[in-house]
Amino acid sequence: MSEELKILENRENGSVKISITGEVDIYSSQLLKERLYNIVETEKQDIKIDCEGMNYIDSTGLGVLVGALKKAKESGNLIYITNLKENIKKLFLITGLDKVFIIE
Amino acid sequence: MSEELKILENRENGSVKISITGEVDIYSSQLLKERLYNIVETEKQDIKIDCEGMNYIDSTGLGVLVGALKKAKESGNLIYITNLKENIKKLFLITGLDKVFIIE
Amino acid sequence: MITNNEADTIEISLPFKAEYVSVARLTASAIANRIGFNIDEIEDVKVAVSEVCNKMVKYKSKTEEAYKIIFKITPQKLAITYDCEDKSLKCIFDNEEDKLAISLINAFMDYVEFCPENNSLFTMSKNI
Amino acid sequence: MITNNEADTIEISLPFKAEYVSVARLTASAIANRIGFNIDEIEDVKVAVSEVCNKMVKYKSKTEEAYKIIFKITPQKLAITYDCEDKSLKCIFDNEEDKLAISLINAFMDYVEFCPENNSLFTMSKNI
Ligand SMILES: Nc1ncnc2c1ncn2[C@@H]1O[C@H](COP(=O)(O)OP(=O)(O)O)[C@@H](O)[C@H]1O
Ligand SMILES: Nc1ncnc2c1ncn2[C@@H]1O[C@H](COP(=O)(O)OP(=O)(O)O)[C@@H](O)[C@H]1O
């Protein structure tokens, strides 16, 4: 089943962790874009994105992550991506995005 | 995803337990029919069907269970059905089959 | 979740073969999920769609390879119609041997027409 | 799992709307599953189908409500063709902004035709 996208923000010792669960596709990626761009612009610090619960992402979703990274870099910050499932890690490898983000 | 039907036979202290996992539909129910009728005819004793791993059954599958029960009763035996998931228990209630089988 | 007021239509055309009923079932689940039905309601639609497909597959058409399922989505309901170019297929349910299927479909859908007047093979709907 | 030698065809027709791409994805998964692809291969088909749907939805048709995905199943391969009555839609991929989508589709399918000669909108296939 197509699982609804959920985006959770977690603040711990001043660092920001964003958990993305469900499916990021052309329909849901607009929501991710709004939330993520907003967080990157207001936080002005390194951000960790936890993808443990993410079971699908398409090129529009990957595009949003790249866009967020560009914004982060403008203020000298980085985006770390953690806990990618195997099927999604494969997408990062194929598109070369594994070299653009810091994948943990 | 449509999960493949698996039928496992377990013998313990002379009693027979059959575990059905996956989906029982018009395509897979033929396999269930062959296996189940064969077991009922050769065993000549009460049979327990464990449905813990069954996530879907249609009317053809329910028909196979009823047919097996008829065969069992011919030799004076019963069929016990255990561990039905809620969505499948609902089908037994709606069709009245909860009164035909012994549901545990 | 669907915000406009018009009807959206999704059609799937499937061979008269038992092995593809699972495809109809998953497509129906995906549509039911997308329009906001809860888990129980999705399951209801899935069961009803499968039961009608079973009958299509049992009867088959002598002239056509495939039948069609038409999902019509409005803000009020999901309407599901079965159709085929072969108009000799009619009233595919038969009260005796189909008792189980009929009681499931009647229980899970809000409206069922077993022998539709409109030239289709079967029609049913579930309110949103 | 499919034992005959003829081709089976499944067609799905979907509105040009982002909310129904998930329906195409699940239908494609169900078909890939049924014909015996393993979990990784099912995932590959799902991704490729979604990416092409995304482009359909982005371009839309000015005259038609819906586009069609045709799945053709033979013992050798699953062939997937996109089509629409509106023949003004052509070569829906554009090398620059679609780099990610194109590299995913090329990686996951065995054969891809971006601008098919046969009057369809897009065609790709994966060997079984
Ligand atoms: N083959 C059929 N053609 C038309 N209507 C049918 C058919 N089968 C069942 N129905 C309708 O479905 C309704 C409920 O059927 P069912 O759940 O089997 O209950 P019952 O057996 O008490 O009528 C009935 O009102 C009946 O008219
Ligand atoms: N819009 C397009 N139209 C036709 N063919 C395309 C299009 N985009 C990509 N291709 C084909 O896909 C192949 C691989 O593309 P890609 O994976 O992006 O690698 P590259 O960028 O190295 O060509 C290329 O051979 C190219 O001809």
# chains A, B, ... in the order shown; residues from 1 in each chain; ligands from 1
call {"tool": "closest_atom_pairs", "arguments": {"of": "chain C", "to": "ligand 1", "cutoff": "6 Å", "atoms": "only C-alpha atoms and all ligand atoms", "output": "tab-separated table"}}
result
residue	atom	partner	partner_atom_place_in_ligand_line	distance
C:Phe93	CA	ligand 1	1 (N)	4.2
C:Asp94	CA	ligand 1	1 (N)	4.3
C:Asn95	CA	ligand 1	1 (N)	4.7
C:Lys99	CA	ligand 1	18 (O)	5.3
C:Ile102	CA	ligand 1	18 (O)	5.3
C:Ser103	CA	ligand 1	17 (O)	3.7
C:Asn106	CA	ligand 1	17 (O)	5.7
C:Phe114	CA	ligand 1	4 (C)	4.6
call {"tool": "write_last_selection", "arguments": {"atoms": "N, CA, C and O atoms", "output": "PDB file, in the first residue's frame"}}
result
ATOM      1  N   PHE C  93     -23.801 -13.424 -11.666  1.00  0.00           N
ATOM      2  CA  PHE C  93     -23.962 -14.149 -10.398  1.00  0.00           C
ATOM      3  C   PHE C  93     -25.199 -15.030 -10.438  1.00  0.00           C
ATOM      4  O   PHE C  93     -26.236 -14.648 -10.973  1.00  0.00           O
ATOM      5  N   ASP C  94     -25.065 -16.187  -9.834  1.00  0.00           N
ATOM      6  CA  ASP C  94     -26.100 -17.211  -9.848  1.00  0.00           C
ATOM      7  C   ASP C  94     -26.335 -17.577  -8.384  1.00  0.00           C
ATOM      8  O   ASP C  94     -25.432 -17.996  -7.676  1.00  0.00           O
ATOM      9  N   ASN C  95     -27.572 -17.335  -7.918  1.00  0.00           N
ATOM     10  CA  ASN C  95     -27.833 -17.379  -6.484  1.00  0.00           C
ATOM     11  C   ASN C  95     -27.332 -18.607  -5.734  1.00  0.00           C
ATOM     12  O   ASN C  95     -26.912 -18.487  -4.589  1.00  0.00           O
ATOM     13  N   LYS C  99     -23.449 -18.072  -3.238  1.00  0.00           N
ATOM     14  CA  LYS C  99     -23.962 -17.511  -1.989  1.00  0.00           C
ATOM     15  C   LYS C  99     -22.900 -16.776  -1.172  1.00  0.00           C
ATOM     16  O   LYS C  99     -23.139 -15.684  -0.665  1.00  0.00           O
ATOM     17  N   ILE C 102     -21.813 -13.497  -2.950  1.00  0.00           N
ATOM     18  CA  ILE C 102     -22.891 -12.503  -2.918  1.00  0.00           C
ATOM     19  C   ILE C 102     -23.025 -11.882  -1.531  1.00  0.00           C
ATOM     20  O   ILE C 102     -23.175 -10.667  -1.389  1.00  0.00           O
ATOM     21  N   SER C 103     -22.931 -12.708  -0.500  1.00  0.00           N
ATOM     22  CA  SER C 103     -23.108 -12.125   0.828  1.00  0.00           C
ATOM     23  C   SER C 103     -21.928 -11.214   1.185  1.00  0.00           C
ATOM     24  O   SER C 103     -22.120 -10.178   1.839  1.00  0.00           O
ATOM     25  N   ASN C 106     -22.483  -7.910  -0.867  1.00  0.00           N
ATOM     26  CA  ASN C 106     -23.582  -7.144  -0.264  1.00  0.00           C
ATOM     27  C   ASN C 106     -23.179  -6.518   1.071  1.00  0.00           C
ATOM     28  O   ASN C 106     -23.597  -5.405   1.400  1.00  0.00           O
ATOM     29  N   PHE C 114     -26.728  -6.395  -9.476  1.00  0.00           N
ATOM     30  CA  PHE C 114     -26.230  -7.667 -10.008  1.00  0.00           C
ATOM     31  C   PHE C 114     -26.446  -7.787 -11.517  1.00  0.00           C
ATOM     32  O   PHE C 114     -25.656  -8.411 -12.214  1.00  0.00           O
TER      33      PHE C 114
END
call {"tool": "interface_residues", "arguments": {"of": "chain C", "to": "chain A", "cutoff": "8 Å", "atoms": "only C-alpha atoms", "output": "mmCIF file with N, CA and C atoms, in the first residue's frame"}}
result
data_model
loop_
_atom_site.group_PDB
_atom_site.id
_atom_site.type_symbol
_atom_site.label_atom_id
_atom_site.label_comp_id
_atom_site.auth_asym_id
_atom_site.auth_seq_id
_atom_site.Cartn_x
_atom_site.Cartn_y
_atom_site.Cartn_z
ATOM 1 N N SER C 29 -7.187 -1.731 -4.243
ATOM 2 C CA SER C 29 -6.684 -1.300 -2.934
ATOM 3 C C SER C 29 -5.986 0.047 -3.051
ATOM 4 N N ALA C 30 -5.185 0.203 -4.092
ATOM 5 C CA ALA C 30 -4.434 1.444 -4.277
ATOM 6 C C ALA C 30 -5.379 2.617 -4.473
ATOM 7 N N ASN C 33 -7.190 3.344 -1.181
ATOM 8 C CA ASN C 33 -6.244 3.994 -0.284
ATOM 9 C C ASN C 33 -6.087 5.473 -0.656
ATOM 10 N N ARG C 34 -5.931 5.732 -1.934
ATOM 11 C CA ARG C 34 -5.697 7.087 -2.399
ATOM 12 C C ARG C 34 -6.875 8.014 -2.111
#
call {"tool": "calpha_fit_and_write", "arguments": {"fixed": "chain C", "moving": "chain D", "output": "mmCIF file with C-alpha atoms, in the first residue's frame"}}
result
data_model
loop_
_atom_site.group_PDB
_atom_site.id
_atom_site.type_symbol
_atom_site.label_atom_id
_atom_site.label_comp_id
_atom_site.auth_asym_id
_atom_site.auth_seq_id
_atom_site.Cartn_x
_atom_site.Cartn_y
_atom_site.Cartn_z
ATOM 1 C CA MET D 1 -7.550 13.840 -0.231
ATOM 2 C CA ILE D 2 -9.034 14.396 -3.687
ATOM 3 C CA THR D 3 -10.027 18.023 -3.708
ATOM 4 C CA ASN D 4 -11.843 18.724 -6.954
ATOM 5 C CA ASN D 5 -15.505 18.194 -7.531
ATOM 6 C CA GLU D 6 -15.446 16.380 -10.839
ATOM 7 C CA ALA D 7 -15.377 12.627 -11.246
ATOM 8 C CA ASP D 8 -12.038 10.949 -11.919
ATOM 9 C CA THR D 9 -12.064 7.729 -13.877
ATOM 10 C CA ILE D 10 -9.518 4.911 -13.769
ATOM 11 C CA GLU D 11 -9.957 1.892 -15.997
ATOM 12 C CA ILE D 12 -8.109 -1.398 -15.972
ATOM 13 C CA SER D 13 -8.444 -4.060 -18.623
ATOM 14 C CA LEU D 14 -7.478 -7.617 -17.662
ATOM 15 C CA PRO D 15 -7.378 -11.014 -19.388
ATOM 16 C CA PHE D 16 -10.053 -13.498 -18.296
ATOM 17 C CA LYS D 17 -7.460 -15.400 -16.239
ATOM 18 C CA ALA D 18 -7.354 -16.352 -12.579
ATOM 19 C CA GLU D 19 -3.704 -15.319 -12.240
ATOM 20 C CA TYR D 20 -4.512 -11.648 -12.778
ATOM 21 C CA VAL D 21 -7.280 -11.296 -10.201
ATOM 22 C CA SER D 22 -4.544 -10.312 -7.725
ATOM 23 C CA VAL D 23 -3.654 -7.396 -10.007
ATOM 24 C CA ALA D 24 -7.261 -6.162 -9.935
ATOM 25 C CA ARG D 25 -7.247 -6.544 -6.167
ATOM 26 C CA LEU D 26 -4.105 -4.459 -5.689
ATOM 27 C CA THR D 27 -5.219 -1.787 -8.124
ATOM 28 C CA ALA D 28 -8.527 -1.520 -6.284
ATOM 29 C CA SER D 29 -6.676 -1.290 -2.944
ATOM 30 C CA ALA D 30 -4.422 1.452 -4.283
ATOM 31 C CA ILE D 31 -7.405 3.481 -5.478
ATOM 32 C CA ALA D 32 -9.333 2.961 -2.237
ATOM 33 C CA ASN D 33 -6.243 4.012 -0.292
ATOM 34 C CA ARG D 34 -5.718 7.103 -2.406
ATOM 35 C CA ILE D 35 -9.243 8.382 -1.983
ATOM 36 C CA GLY D 36 -8.955 8.145 1.783
ATOM 37 C CA PHE D 37 -10.755 4.955 2.753
ATOM 38 C CA ASN D 38 -9.464 3.507 6.031
ATOM 39 C CA ILE D 39 -7.789 0.086 6.298
ATOM 40 C CA ASP D 40 -11.059 -1.790 6.882
ATOM 41 C CA GLU D 41 -12.780 -0.060 3.981
ATOM 42 C CA ILE D 42 -9.807 -0.744 1.687
ATOM 43 C CA GLU D 43 -10.083 -4.405 2.644
ATOM 44 C CA ASP D 44 -13.838 -4.349 1.888
ATOM 45 C CA VAL D 45 -13.274 -2.946 -1.611
ATOM 46 C CA LYS D 46 -10.489 -5.443 -2.231
ATOM 47 C CA VAL D 47 -12.725 -8.383 -1.313
ATOM 48 C CA ALA D 48 -15.706 -7.181 -3.367
ATOM 49 C CA VAL D 49 -13.572 -6.470 -6.456
ATOM 50 C CA SER D 50 -11.922 -9.905 -6.226
ATOM 51 C CA GLU D 51 -15.242 -11.680 -5.932
ATOM 52 C CA VAL D 52 -16.603 -10.076 -9.070
ATOM 53 C CA CYS D 53 -13.342 -10.779 -10.924
ATOM 54 C CA ASN D 54 -13.654 -14.435 -9.923
ATOM 55 C CA LYS D 55 -16.984 -14.629 -11.712
ATOM 56 C CA MET D 56 -15.611 -12.891 -14.807
ATOM 57 C CA VAL D 57 -12.803 -15.422 -14.924
ATOM 58 C CA LYS D 58 -15.159 -18.355 -14.401
ATOM 59 C CA TYR D 59 -17.544 -17.298 -17.164
ATOM 60 C CA LYS D 60 -14.977 -15.929 -19.611
ATOM 61 C CA SER D 61 -15.928 -14.553 -22.998
ATOM 62 C CA LYS D 62 -15.884 -16.689 -26.122
ATOM 63 C CA THR D 63 -15.031 -13.713 -28.313
ATOM 64 C CA GLU D 64 -13.055 -11.261 -26.153
ATOM 65 C CA GLU D 65 -9.649 -11.598 -24.502
ATOM 66 C CA ALA D 66 -10.230 -9.083 -21.730
ATOM 67 C CA TYR D 67 -12.748 -7.458 -19.416
ATOM 68 C CA LYS D 68 -12.619 -3.990 -17.999
ATOM 69 C CA ILE D 69 -13.075 -2.591 -14.496
ATOM 70 C CA ILE D 70 -14.026 1.081 -14.382
ATOM 71 C CA PHE D 71 -13.438 2.954 -11.125
ATOM 72 C CA LYS D 72 -15.278 6.252 -10.932
ATOM 73 C CA ILE D 73 -14.267 8.506 -8.078
ATOM 74 C CA THR D 74 -16.507 11.321 -6.902
ATOM 75 C CA PRO D 75 -16.427 13.175 -3.577
ATOM 76 C CA GLN D 76 -19.397 11.029 -2.475
ATOM 77 C CA LYS D 77 -18.406 7.548 -3.531
ATOM 78 C CA LEU D 78 -16.256 5.050 -5.382
ATOM 79 C CA ALA D 79 -18.331 3.406 -8.132
ATOM 80 C CA ILE D 80 -16.991 0.232 -9.710
ATOM 81 C CA THR D 81 -18.349 -1.104 -12.989
ATOM 82 C CA TYR D 82 -17.378 -4.251 -14.900
ATOM 83 C CA ASP D 83 -17.701 -4.262 -18.635
ATOM 84 C CA CYS D 84 -16.752 -6.224 -21.728
ATOM 85 C CA GLU D 85 -17.288 -5.821 -25.460
ATOM 86 C CA ASP D 86 -18.950 -9.222 -25.368
ATOM 87 C CA LYS D 87 -22.511 -8.304 -24.408
ATOM 88 C CA SER D 88 -23.597 -11.952 -24.162
ATOM 89 C CA LEU D 89 -22.123 -11.984 -20.638
ATOM 90 C CA LYS D 90 -25.023 -10.965 -18.392
ATOM 91 C CA CYS D 91 -26.092 -11.465 -14.762
ATOM 92 C CA ILE D 92 -22.856 -13.214 -13.918
ATOM 93 C CA PHE D 93 -23.958 -14.161 -10.409
ATOM 94 C CA ASP D 94 -26.119 -17.193 -9.852
ATOM 95 C CA ASN D 95 -27.885 -17.353 -6.508
ATOM 96 C CA GLU D 96 -27.023 -20.928 -5.616
ATOM 97 C CA GLU D 97 -23.314 -21.593 -5.922
ATOM 98 C CA ASP D 98 -22.384 -17.938 -5.410
ATOM 99 C CA LYS D 99 -23.970 -17.514 -1.992
ATOM 100 C CA LEU D 100 -20.674 -16.782 -0.240
ATOM 101 C CA ALA D 101 -19.522 -14.246 -2.829
ATOM 102 C CA ILE D 102 -22.891 -12.509 -2.911
ATOM 103 C CA SER D 103 -23.108 -12.137 0.843
ATOM 104 C CA LEU D 104 -19.562 -10.674 0.969
ATOM 105 C CA ILE D 105 -20.270 -8.179 -1.800
ATOM 106 C CA ASN D 106 -23.580 -7.144 -0.264
ATOM 107 C CA ALA D 107 -21.956 -6.716 3.150
ATOM 108 C CA PHE D 108 -19.014 -4.638 1.954
ATOM 109 C CA MET D 109 -20.507 -2.343 -0.672
ATOM 110 C CA ASP D 110 -23.244 0.233 -0.122
ATOM 111 C CA TYR D 111 -24.932 -0.307 -3.460
ATOM 112 C CA VAL D 112 -24.847 -3.373 -5.708
ATOM 113 C CA GLU D 113 -26.581 -4.017 -9.016
ATOM 114 C CA PHE D 114 -26.245 -7.666 -10.006
ATOM 115 C CA CYS D 115 -27.795 -7.282 -13.466
ATOM 116 C CA PRO D 116 -27.319 -3.613 -14.356
ATOM 117 C CA GLU D 117 -29.837 -1.996 -16.668
ATOM 118 C CA ASN D 118 -27.140 0.107 -18.324
ATOM 119 C CA ASN D 119 -25.562 -2.583 -20.472
ATOM 120 C CA SER D 120 -22.563 -3.132 -18.178
ATOM 121 C CA LEU D 121 -21.860 -6.515 -16.552
ATOM 122 C CA PHE D 122 -21.912 -5.581 -12.910
ATOM 123 C CA THR D 123 -21.871 -2.417 -10.861
ATOM 124 C CA MET D 124 -21.362 -1.565 -7.213
ATOM 125 C CA SER D 125 -20.318 1.404 -5.131
ATOM 126 C CA LYS D 126 -19.091 2.327 -1.699
ATOM 127 C CA ASN D 127 -19.780 5.675 -0.072
ATOM 128 C CA ILE D 128 -16.854 7.804 1.047
#
call {"tool": "closest_residue", "arguments": {"among": "A:Ser15, A:Glu52, A:Asp46, A:Leu5", "to": "Lys33 (chain A)", "atoms": "only C-alpha atoms"}}
result
A:Leu5
call {"tool": "select_by_dssp", "arguments": {"residues": "chain C", "states": "strand (DSSP E or B)", "output": "PyMOL selection string"}}
result
chain C and resi 8-15+66-73+77-83+111-113+122-127
call {"tool": "write_last_selection", "arguments": {"atoms": "C-alpha atoms", "output": "CSV table (one decimal), in the first residue's frame"}}
result
chain,number,residue,atom,x,y,z
C,8,ASP,CA,-12.0,11.0,-11.9
C,9,THR,CA,-12.1,7.7,-13.9
C,10,ILE,CA,-9.5,4.9,-13.8
C,11,GLU,CA,-9.9,1.9,-16.0
C,12,ILE,CA,-8.1,-1.4,-16.0
C,13,SER,CA,-8.4,-4.1,-18.6
C,14,LEU,CA,-7.5,-7.6,-17.7
C,15,PRO,CA,-7.4,-11.0,-19.4
C,66,ALA,CA,-10.2,-9.1,-21.7
C,67,TYR,CA,-12.7,-7.5,-19.4
C,68,LYS,CA,-12.6,-4.0,-18.0
C,69,ILE,CA,-13.1,-2.6,-14.5
C,70,ILE,CA,-14.0,1.1,-14.4
C,71,PHE,CA,-13.4,3.0,-11.1
C,72,LYS,CA,-15.3,6.2,-10.9
C,73,ILE,CA,-14.3,8.5,-8.1
C,77,LYS,CA,-18.4,7.5,-3.5
C,78,LEU,CA,-16.3,5.1,-5.4
C,79,ALA,CA,-18.3,3.4,-8.1
C,80,ILE,CA,-17.0,0.2,-9.7
C,81,THR,CA,-18.3,-1.1,-13.0
C,82,TYR,CA,-17.4,-4.2,-14.9
C,83,ASP,CA,-17.7,-4.3,-18.6
C,111,TYR,CA,-24.9,-0.3,-3.5
C,112,VAL,CA,-24.9,-3.4,-5.7
C,113,GLU,CA,-26.6,-4.0,-9.0
C,122,PHE,CA,-21.9,-5.6,-12.9
C,123,THR,CA,-21.9,-2.4,-10.9
C,124,MET,CA,-21.4,-1.6,-7.2
C,125,SER,CA,-20.3,1.4,-5.1
C,126,LYS,CA,-19.1,2.3,-1.7
C,127,ASN,CA,-19.8,5.7,-0.1
call {"tool": "select_by_dssp", "arguments": {"residues": "chain A", "states": "helix (DSSP H, G or I)", "output": "ChimeraX atom specification"}}
result
/A:29-43,59-74,86-95,97-99
call {"tool": "write_last_selection", "arguments": {"atoms": "C-alpha atoms", "output": "PDB file, in the first residue's frame"}}
result
ATOM      1  CA  SER A  29       7.106  15.676  -2.492  1.00  0.00           C
ATOM      2  CA  GLN A  30       5.554  19.166  -2.488  1.00  0.00           C
ATOM      3  CA  LEU A  31       4.874  18.737   1.225  1.00  0.00           C
ATOM      4  CA  LEU A  32       8.456  17.582   1.805  1.00  0.00           C
ATOM      5  CA  LYS A  33       9.762  20.578  -0.131  1.00  0.00           C
ATOM      6  CA  GLU A  34       7.819  23.077   1.970  1.00  0.00           C
ATOM      7  CA  ARG A  35       8.787  21.527   5.289  1.00  0.00           C
ATOM      8  CA  LEU A  36      12.407  20.822   4.445  1.00  0.00           C
ATOM      9  CA  TYR A  37      13.190  24.183   2.810  1.00  0.00           C
ATOM     10  CA  ASN A  38      11.593  25.905   5.752  1.00  0.00           C
ATOM     11  CA  ILE A  39      13.682  23.959   8.261  1.00  0.00           C
ATOM     12  CA  VAL A  40      16.930  24.479   6.332  1.00  0.00           C
ATOM     13  CA  GLU A  41      16.304  28.225   6.013  1.00  0.00           C
ATOM     14  CA  THR A  42      15.405  28.829   9.653  1.00  0.00           C
ATOM     15  CA  GLU A  43      17.890  26.459  11.322  1.00  0.00           C
ATOM     16  CA  SER A  59      13.251  11.606  -8.709  1.00  0.00           C
ATOM     17  CA  THR A  60      11.054  14.513  -7.608  1.00  0.00           C
ATOM     18  CA  GLY A  61      11.765  13.582  -3.986  1.00  0.00           C
ATOM     19  CA  LEU A  62      15.488  13.254  -4.692  1.00  0.00           C
ATOM     20  CA  GLY A  63      15.259  16.665  -6.375  1.00  0.00           C
ATOM     21  CA  VAL A  64      13.822  18.161  -3.194  1.00  0.00           C
ATOM     22  CA  LEU A  65      16.715  16.730  -1.155  1.00  0.00           C
ATOM     23  CA  VAL A  66      19.221  18.216  -3.624  1.00  0.00           C
ATOM     24  CA  GLY A  67      17.429  21.562  -3.461  1.00  0.00           C
ATOM     25  CA  ALA A  68      17.546  21.512   0.341  1.00  0.00           C
ATOM     26  CA  LEU A  69      21.265  20.703   0.242  1.00  0.00           C
ATOM     27  CA  LYS A  70      21.924  23.672  -2.051  1.00  0.00           C
ATOM     28  CA  LYS A  71      20.127  25.949   0.391  1.00  0.00           C
ATOM     29  CA  ALA A  72      22.039  24.472   3.331  1.00  0.00           C
ATOM     30  CA  LYS A  73      25.373  24.978   1.592  1.00  0.00           C
ATOM     31  CA  GLU A  74      24.534  28.640   0.968  1.00  0.00           C
ATOM     32  CA  GLU A  86      18.734  -0.939   0.580  1.00  0.00           C
ATOM     33  CA  ASN A  87      16.261  -0.239  -2.246  1.00  0.00           C
ATOM     34  CA  ILE A  88      16.621   3.493  -1.679  1.00  0.00           C
ATOM     35  CA  LYS A  89      20.385   3.463  -1.213  1.00  0.00           C
ATOM     36  CA  LYS A  90      20.456   1.894  -4.692  1.00  0.00           C
ATOM     37  CA  LEU A  91      18.780   5.026  -6.103  1.00  0.00           C
ATOM     38  CA  PHE A  92      21.454   7.253  -4.522  1.00  0.00           C
ATOM     39  CA  LEU A  93      24.204   5.087  -6.032  1.00  0.00           C
ATOM     40  CA  ILE A  94      22.688   5.027  -9.518  1.00  0.00           C
ATOM     41  CA  THR A  95      22.106   8.760  -9.625  1.00  0.00           C
ATOM     42  CA  LEU A  97      23.798  11.369  -5.208  1.00  0.00           C
ATOM     43  CA  ASP A  98      25.756   9.188  -2.766  1.00  0.00           C
ATOM     44  CA  LYS A  99      28.681  11.505  -3.551  1.00  0.00           C
TER      45      LYS A  99
END
call {"tool": "residues_around", "arguments": {"residues": "region 20-22 of chain A", "least_positions_apart": "4", "cutoff": "7 Å", "atoms": "only C-alpha atoms", "output": "VMD selection string"}}
result
chain A and resid 3 to 8 50 to 51 53 to 56
call {"tool": "atom_distance", "arguments": {"atom1": "CA of Thr82 (chain B)", "atom2": "CA of Ile18 (chain B)"}}
result
10.1 Å
